[in-house]
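Student: First, the structure itself, so that you have it in front of you.
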Amino acid sequence: MPIPRNTPVIDRRLLRDDVYHRLREAIVDGTLAPGEQLRDGDLAAWLGVSRTPVREALLRLAEAGLVAAQPGRSTTVSSLSERTVREARDVVAAMHQLAVRESVPHLTEAHLDTMRKANTRFRAAIKKGDIEAALVADDALHDVPVSVASNRALATVLEQFTPVLRRAERLAFSSVAGSASADRHDELIEACAAGDADRAAGVAAGVWSALPAVE
């Protein structure tokens with residue numbers, strides 16, 4: 001049949017970002033295991049795309065430390081070292097500290113209510129041992145001050161380095177440390193509600209700094 005002339009063109013940037021996010025999530029959730037070799041042809045077939053966006057995604061994943069690329073040889077899923085996790089953790093903690101400090105004067109009761117409800121879901125998920133639900137709720141809570149701060153540079157840094165910590169978060173949330181995280185969230189929300197930006201920023205940094213430095 002004739003090719004339709006009025007079909008909208010697919011935004012290549014959206015395809016590229018979608019491939020990147022899908023591969024990143026596959027690494028974070030363990031679908032692609034540490035040490036596993038990544039062949040762009042196999043990944044392209046799996047995702048139903050050409051090799052080009054896969055290659056671009058692998059370059060971005062290498063920059064984030066999630067894959068190790070050896071030019072002319074192979075690309076594998078990184079086995080995160082203690083140093084890699086520690087460095088990413090310290091950067092992410094600093095970014096959340098800044099986000100909270102900038103956002104506290106602008107947080108509304110609706111924002112605080114969103115954070116409280118997210119922590120309620122987080123605590124319930126930890127109690128049930130539902131790590132995936134705990135991660136979603138944790139993101140929802142911390143995304144509030146990040147969104148309110150509206151700092152693009154900060155958000156970009158978090159986008160790059162937070163995935164490196166996901167495996168460390170899974171370890172923490174599957175242990176007794178999960179309940180301690182919920183308590184620290186309560187302290188963070190309390191400080192935000194009181195308008196104490198310095199205290200809230202310190203608590204926010206502590207939440208992330210408490211993550212273990214190894215998987």
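Quick note on naming: the chains in the structure tokens go A, B, ... in the order shown, residues restart at 1 in each chain, and ligands are numbered from 1 in order of appearance.
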Do a neighbour search on Ser179 (chain A) at 8 Å with only C-alpha atoms, toss out local chain neighbours closer than 6 positions, and write the hits as a list in words.
Tutor: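 That gives Arg123, Ile126, Lys127 and Phe173 of chain A.
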Student: Hey, can you spit out that residue selection with N, CA and C atoms as a short mmCIF file (atom, residue, chain, number, x, y, z; two decimals), in the first residue's frame?
Tutor:
```cif
data_model
loop_
_atom_site.label_atom_id
_atom_site.label_comp_id
_atom_site.auth_asym_id
_atom_site.auth_seq_id
_atom_site.Cartn_x
_atom_site.Cartn_y
_atom_site.Cartn_z
N ARG A 123 6.64 3.01 54.01
CA ARG A 123 6.69 2.21 55.23
C ARG A 123 5.90 0.91 55.07
N ILE A 126 7.89 -1.50 52.83
CA ILE A 126 9.01 -2.09 53.56
C ILE A 126 8.51 -3.21 54.47
N LYS A 127 7.40 -2.96 55.14
CA LYS A 127 6.83 -3.95 56.06
C LYS A 127 6.45 -5.23 55.31
N PHE A 173 16.83 -1.51 51.56
CA PHE A 173 15.39 -1.61 51.79
C PHE A 173 14.96 -3.04 52.11
#
```
Student: Would you list the contacts of Val85 (chain A) as a PDB file with C-alpha atoms, in the first residue's frame, taking every protein, DNA or RNA residue within 12 Å and counting only C-alpha atoms, but skipping same-chain residues closer than 4 positions in sequence?
Tutor:
```
ATOM      1  CA  ALA A  64      26.965   6.809  34.297  1.00  0.00           C
ATOM      2  CA  GLY A  65      29.170   3.874  35.289  1.00  0.00           C
ATOM      3  CA  LEU A  66      26.501   1.240  34.660  1.00  0.00           C
ATOM      4  CA  SER A  78      29.436  -3.116  35.397  1.00  0.00           C
ATOM      5  CA  SER A  79      30.010  -4.843  38.700  1.00  0.00           C
ATOM      6  CA  LEU A  80      29.898  -1.714  40.824  1.00  0.00           C
ATOM      7  CA  SER A  81      32.884  -1.278  43.069  1.00  0.00           C
ATOM      8  CA  ARG A  89      26.160   8.204  46.844  1.00  0.00           C
ATOM      9  CA  ASP A  90      28.076  11.277  47.976  1.00  0.00           C
ATOM     10  CA  VAL A  91      27.150  13.225  44.835  1.00  0.00           C
ATOM     11  CA  VAL A  92      23.461  12.248  45.070  1.00  0.00           C
ATOM     12  CA  ALA A  93      23.385  13.124  48.777  1.00  0.00           C
ATOM     13  CA  PHE A 161      23.988   9.070  39.188  1.00  0.00           C
ATOM     14  CA  THR A 162      20.874   7.905  41.047  1.00  0.00           C
ATOM     15  CA  PRO A 163      20.596   4.671  38.995  1.00  0.00           C
ATOM     16  CA  VAL A 164      24.074   3.678  40.192  1.00  0.00           C
ATOM     17  CA  LEU A 165      22.662   3.561  43.724  1.00  0.00           C
ATOM     18  CA  ARG A 166      19.591   1.465  42.941  1.00  0.00           C
ATOM     19  CA  ARG A 167      21.291  -1.815  43.765  1.00  0.00           C
ATOM     20  CA  ALA A 168      22.539  -0.342  47.042  1.00  0.00           C
ATOM     21  CA  GLU A 169      19.012   0.868  47.805  1.00  0.00           C
ATOM     22  CA  TRP A 208      21.324   9.181  51.147  1.00  0.00           C
ATOM     23  CA  SER A 209      24.651   9.022  52.960  1.00  0.00           C
ATOM     24  CA  LEU A 211      23.064   3.861  52.015  1.00  0.00           C
ATOM     25  CA  PRO A 212      25.649   1.040  52.056  1.00  0.00           C
ATOM     26  CA  ALA A 213      28.638   1.587  49.795  1.00  0.00           C
ATOM     27  CA  VAL A 214      28.565  -1.967  48.460  1.00  0.00           C
ATOM     28  CA  GLU A 215      25.911  -4.156  46.886  1.00  0.00           C
TER      29      GLU A 215
END
```
Student: Run DSSP on the backbone and tell me which residues of region 43-192 of chain A come out as alpha helix (DSSP H); list them as a PyMOL selection string.
Tutor: chain A and resi 43-47+51-63+82-103+109-128+131-149+152-173+177-192
Student: So that I can see what lies close to Val100 (chain A), please list as a ChimeraX atom specification the residues with an atom at most 9 Å from it, counting only C-alpha atoms and leaving out residues fewer than 4 positions away in the same chain.
Tutor: /A:95-96,104,142,145-146,148-149,192,197-198,200-202,204
Student: Find, counting only C-alpha atoms, the residue in A:Asp29, A:Asp18, A:Asp143, A:Asp130 that gets nearest to Val49 (chain A).
Tutor: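 Closest to Val49 (chain A), using only C-alpha atoms: A:Asp18.
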Student: Can you measure CA of Arg184 (chain A) to CA of Asn119 (chain A) for me? One decimal in Å is fine.
Tutor: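 So the answer is 9.9 Å.
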Student: From region 61-208 of chain A, collect each residue whose DSSP state is strand (DSSP E or B) and return the set as an NGL selection string.
Tutor: :A and (67-69 or 75-77)
Student: Could you tell me which of A:Met115, A:Gly206, A:Val19, A:Gly41 comes closest to Asp139 (chain A) if we count only C-alpha atoms?
Tutor: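 For Asp139 (chain A), the nearest of the candidates is A:Met115.
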Student: Quick one: of A:Leu38, A:Leu43, A:Val54, A:Leu15, who's nearest to Ala69 (chain A), counting only C-alpha atoms?
Tutor: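 Using only C-alpha atoms, the shortest distance to Ala69 (chain A) belongs to A:Leu38.
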Student: Work out how far apart CA of Glu187 (chain A) and CA of Arg152 (chain A) are and give it in Å to one decimal.
Tutor: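 For CA of Glu187 (chain A) relative to CA of Arg152 (chain A), the distance reads 26.4 Å.
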Student: Return the single residue from A:Ala118, A:Leu158, A:Ala44, A:Ile27 that is closest to Val77 (chain A), with distances computed using only C-alpha atoms.
Tutor: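 Ranked by minimum distance to Val77 (chain A), first place goes to A:Ile27.
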